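S.K.: Sharing start38.csv, CSV, C-alpha atoms:
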chain,number,residue,atom,x,y,z
A,1,MET,CA,105.8,261.3,-248.6
A,2,SER,CA,106.9,264.6,-249.9
A,3,ASP,CA,106.5,268.3,-248.9
A,4,LYS,CA,104.3,268.9,-251.9
A,5,SER,CA,100.6,269.3,-251.5
A,6,ASN,CA,98.2,267.0,-253.2
A,7,GLU,CA,97.3,269.8,-255.6
A,8,GLU,CA,100.9,270.2,-256.6
A,9,ILE,CA,101.3,266.4,-257.0
A,10,TYR,CA,98.1,266.3,-259.1
A,11,ASN,CA,99.3,269.0,-261.4
A,12,GLU,CA,102.8,267.6,-261.8
A,13,PHE,CA,101.4,264.1,-262.5
A,14,TYR,CA,99.1,265.3,-265.2
A,15,ASP,CA,102.0,267.4,-266.7
A,16,ALA,CA,104.4,264.4,-266.7
A,17,VAL,CA,102.0,261.6,-267.7
A,18,ASN,CA,101.2,262.4,-271.3
A,19,MET,CA,99.6,259.1,-272.3
A,20,THR,CA,95.8,258.5,-272.1
A,21,PRO,CA,94.5,255.5,-270.2
A,22,SER,CA,93.6,253.8,-273.5
A,23,GLU,CA,97.1,254.5,-275.0
A,24,LEU,CA,98.7,253.2,-271.9
A,25,GLU,CA,96.5,250.1,-271.7
A,26,GLN,CA,97.3,249.3,-275.4
A,27,TRP,CA,101.0,249.8,-274.7
A,28,LEU,CA,101.0,247.5,-271.6
A,29,ASP,CA,99.6,244.7,-273.7
A,30,THR,CA,102.7,244.7,-276.0
A,31,ASP,CA,105.7,242.5,-275.8
A,32,LYS,CA,107.9,245.6,-275.9
A,33,SER,CA,106.3,246.9,-272.8
A,34,LYS,CA,106.9,243.6,-271.0
A,35,SER,CA,110.5,243.4,-272.2
A,36,VAL,CA,111.8,246.3,-270.1
A,37,GLY,CA,112.1,247.2,-266.4
A,38,GLN,CA,113.2,245.8,-263.1
A,39,ASP,CA,111.4,242.7,-262.1
A,40,SER,CA,109.2,243.3,-259.0
A,41,GLY,CA,109.7,239.7,-257.8
A,42,ASP,CA,106.7,238.1,-259.5
A,43,GLY,CA,107.8,238.3,-263.2
A,44,GLU,CA,106.2,241.7,-263.8
A,45,SER,CA,108.3,244.8,-263.9
A,46,LYS,CA,107.8,247.6,-261.5
A,47,GLY,CA,107.1,250.0,-264.3
A,48,HIS,CA,104.5,247.6,-265.8
A,49,LYS,CA,102.7,247.5,-262.5
A,50,SER,CA,103.0,251.2,-262.2
A,51,GLY,CA,101.4,251.6,-265.6
A,52,ARG,CA,98.3,249.6,-264.5
A,53,LYS,CA,98.0,251.8,-261.3
A,54,ILE,CA,98.3,254.9,-263.5
A,55,ILE,CA,95.4,253.8,-265.6
A,56,THR,CA,93.3,253.3,-262.5
A,57,ILE,CA,94.3,256.7,-261.2
A,58,LYS,CA,93.6,258.5,-264.5
A,59,ASN,CA,90.2,256.9,-264.6
A,60,LYS,CA,89.2,258.3,-261.2
A,61,LYS,CA,87.7,261.7,-260.6
A,62,LYS,CA,90.0,264.0,-258.7
A,63,ASP,CA,87.7,264.0,-255.6
A,64,ASP,CA,87.9,260.2,-255.5
A,65,LEU,CA,91.7,260.0,-255.3
A,66,ASN,CA,93.1,258.8,-252.0
A,67,GLN,CA,96.4,259.2,-250.2
A,68,ASN,CA,97.8,256.0,-251.7
A,69,ASP,CA,97.0,257.4,-255.2
A,70,TYR,CA,98.8,260.6,-254.4
A,71,GLU,CA,101.8,258.7,-253.1
A,72,HIS,CA,102.0,256.7,-256.3
A,73,MET,CA,101.5,259.8,-258.4
A,74,ASN,CA,104.4,261.4,-256.6
A,75,LYS,CA,106.5,258.2,-257.3
A,76,VAL,CA,105.6,258.4,-261.0
A,77,ILE,CA,106.6,262.1,-261.1
A,78,GLY,CA,110.0,261.3,-259.6
A,79,TYR,CA,110.7,258.4,-261.9
A,80,ILE,CA,109.7,260.3,-265.1
A,81,HIS,CA,111.9,263.3,-264.1
A,82,ARG,CA,114.9,261.0,-263.2
A,83,HIS,CA,114.6,258.8,-266.3
A,84,THR,CA,114.1,261.7,-268.8
A,85,ALA,CA,117.3,263.2,-267.5
A,86,GLN,CA,119.1,260.1,-268.6
A,87,LYS,CA,118.1,260.4,-272.3
A,88,PRO,CA,120.5,258.4,-274.5
A,89,ASP,CA,122.4,260.0,-277.4
A,90,SER,CA,121.2,257.4,-279.8
A,91,ASP,CA,117.9,257.2,-281.6
A,92,ILE,CA,115.2,256.8,-278.9
A,93,LYS,CA,112.2,255.6,-281.0
A,94,GLU,CA,112.8,251.9,-280.5
A,95,SER,CA,114.9,252.2,-277.3
A,96,ASP,CA,114.4,250.5,-273.9
A,97,TRP,CA,114.7,254.0,-272.4
A,98,ARG,CA,111.5,255.0,-274.2
A,99,TYR,CA,109.7,251.7,-273.5
A,100,SER,CA,110.5,252.1,-269.8
A,101,LEU,CA,109.1,255.6,-269.7
A,102,LYS,CA,106.0,254.5,-271.6
A,103,ASN,CA,105.4,251.9,-268.9
A,104,TRP,CA,105.3,254.8,-266.5
A,105,GLY,CA,102.8,256.8,-268.7
A,106,HIS,CA,105.2,259.1,-270.4
A,107,ASP,CA,106.0,258.9,-274.1
A,108,PRO,CA,109.0,261.1,-274.9
A,109,CYS,CA,108.2,260.9,-278.6
A,110,LYS,CA,105.1,263.0,-278.1
A,111,GLU,CA,107.5,265.9,-277.1
A,112,MET,CA,110.4,265.1,-279.4
A,113,ASN,CA,108.6,264.1,-282.6
A,114,CYS,CA,110.5,260.9,-283.2
What would the structure in this file look like if it were written as structure tokens?
M.R.:
Amino acid sequence: MSDKSNEEIYNEFYDAVNMTPSELEQWLDTDKSKSVGQDSGDGESKGHKSGRKIITIKNKKKDDLNQNDYEHMNKVIGYIHRHTAQKPDSDIKESDWRYSLKNWGHDPCKEMNC
């Protein structure tokens, strides 16, 4: 795991994941969502699976989160930070870059007004 406390992970997760559970659920049902990401071995991308876990986590009360939830939250934080640093120079609105981030619960267009 990391050297961060669960409180730090919780706060960073809620700062990084800017999509609501319902927004994420609607997004994960789209073909665009399913068209991006590294296959996890069963036909579903790692990001798509992560998105489903994020919905579950965000629907839990803070006191009900377990260590596995915090480990996944920390993984999500790391992915979002790494991937946002790789922003393409081209238009991002209809990009695989944005679609991949959305699978992980972060829509860069909410911050960039695209």
S.K.: Between A:Lys61, A:Ile92, A:Asp39, A:Tyr10, single out the one closest to Lys110 (chain A), counting all atoms listed in the file.
M.R.: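 Using all atoms listed in the file, Lys110 (chain A) sits closest to A:Ile92.
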S.K.: Taking all atoms listed in the file into account, which of A:Gly41, A:Ala16, A:Arg52, A:Pro108 comes nearest Pro88 (chain A)?
M.R.: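 Closest residue, counting all atoms listed in the file: A:Pro108.
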S.K.: Name the residues in contact with Lys93 (chain A) at a cut-off of 10 Å, using all atoms listed in the file, excluding same-chain residues fewer than 3 positions from it; report them as a PyMOL selection string.
M.R.: chain A and resi 90+96-99+107-109+112-114
S.K.: One decimal, in Å: what's the spacing between CA of Val76 (chain A) and CA of Ile54 (chain A)?
M.R.: 8.5 Å
S.K.: Mind giving me the straight-line distance from CA of Val36 (chain A) to CA of Leu65 (chain A) in Å, one decimal?
M.R.: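 Spanning CA of Val36 (chain A) to CA of Leu65 (chain A) is a straight-line distance of 28.5 Å.
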S.K.: Taking all atoms listed in the file into account, name the residue in A:Gln38, A:Thr30, A:Ser5, A:Ser22 that is nearest to Ser50 (chain A).
M.R.: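 The shortest atom-to-atom distance to Ser50 (chain A) comes from A:Gln38.
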S.K.: Tell me which of A:Val17, A:Ser45, A:Lys53, A:Lys62 sits closest to Tyr79 (chain A), counting only C-alpha atoms.
M.R.: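 Of A:Val17, A:Ser45, A:Lys53, A:Lys62, the one nearest Tyr79 (chain A) is A:Val17, counting only C-alpha atoms.
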S.K.: Considering all atoms listed in the file, can you say which of A:Glu71, A:Glu44, A:Glu25, A:Asp64 comes closest to Asn6 (chain A)?
M.R.: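 Smallest distance to Asn6 (chain A) is found for A:Glu71.
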S.K.: At a cut-off of 10 Å from (108.8, 261.6, -263.3) in the coordinates of the file, what residues are picked up using only C-alpha atoms, written as a list in words?
M.R.: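 So the residues meeting the distance criterion are Glu12, Phe13, Asp15, Ala16, Val17, Met73, Asn74, Lys75, Val76, Ile77, Gly78, Tyr79, Ile80, His81, Arg82, His83, Thr84, Ala85, Leu101, Trp104, Gly105 and His106 of chain A.
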S.K.: Find, counting only C-alpha atoms, the residue in A:Ile57, A:Met19, A:Leu28, A:Ile9 that gets nearest to Glu111 (chain A).
M.R.: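 Distance minimum relative to Glu111 (chain A) lands on A:Met19.
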S.K.: Using CA of Asn59 (chain A) and CA of Pro21 (chain A) as the two end points, give the distance in Å to one decimal.
M.R.: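 Interatomic distance, CA of Asn59 (chain A) to CA of Pro21 (chain A): 7.2 Å.
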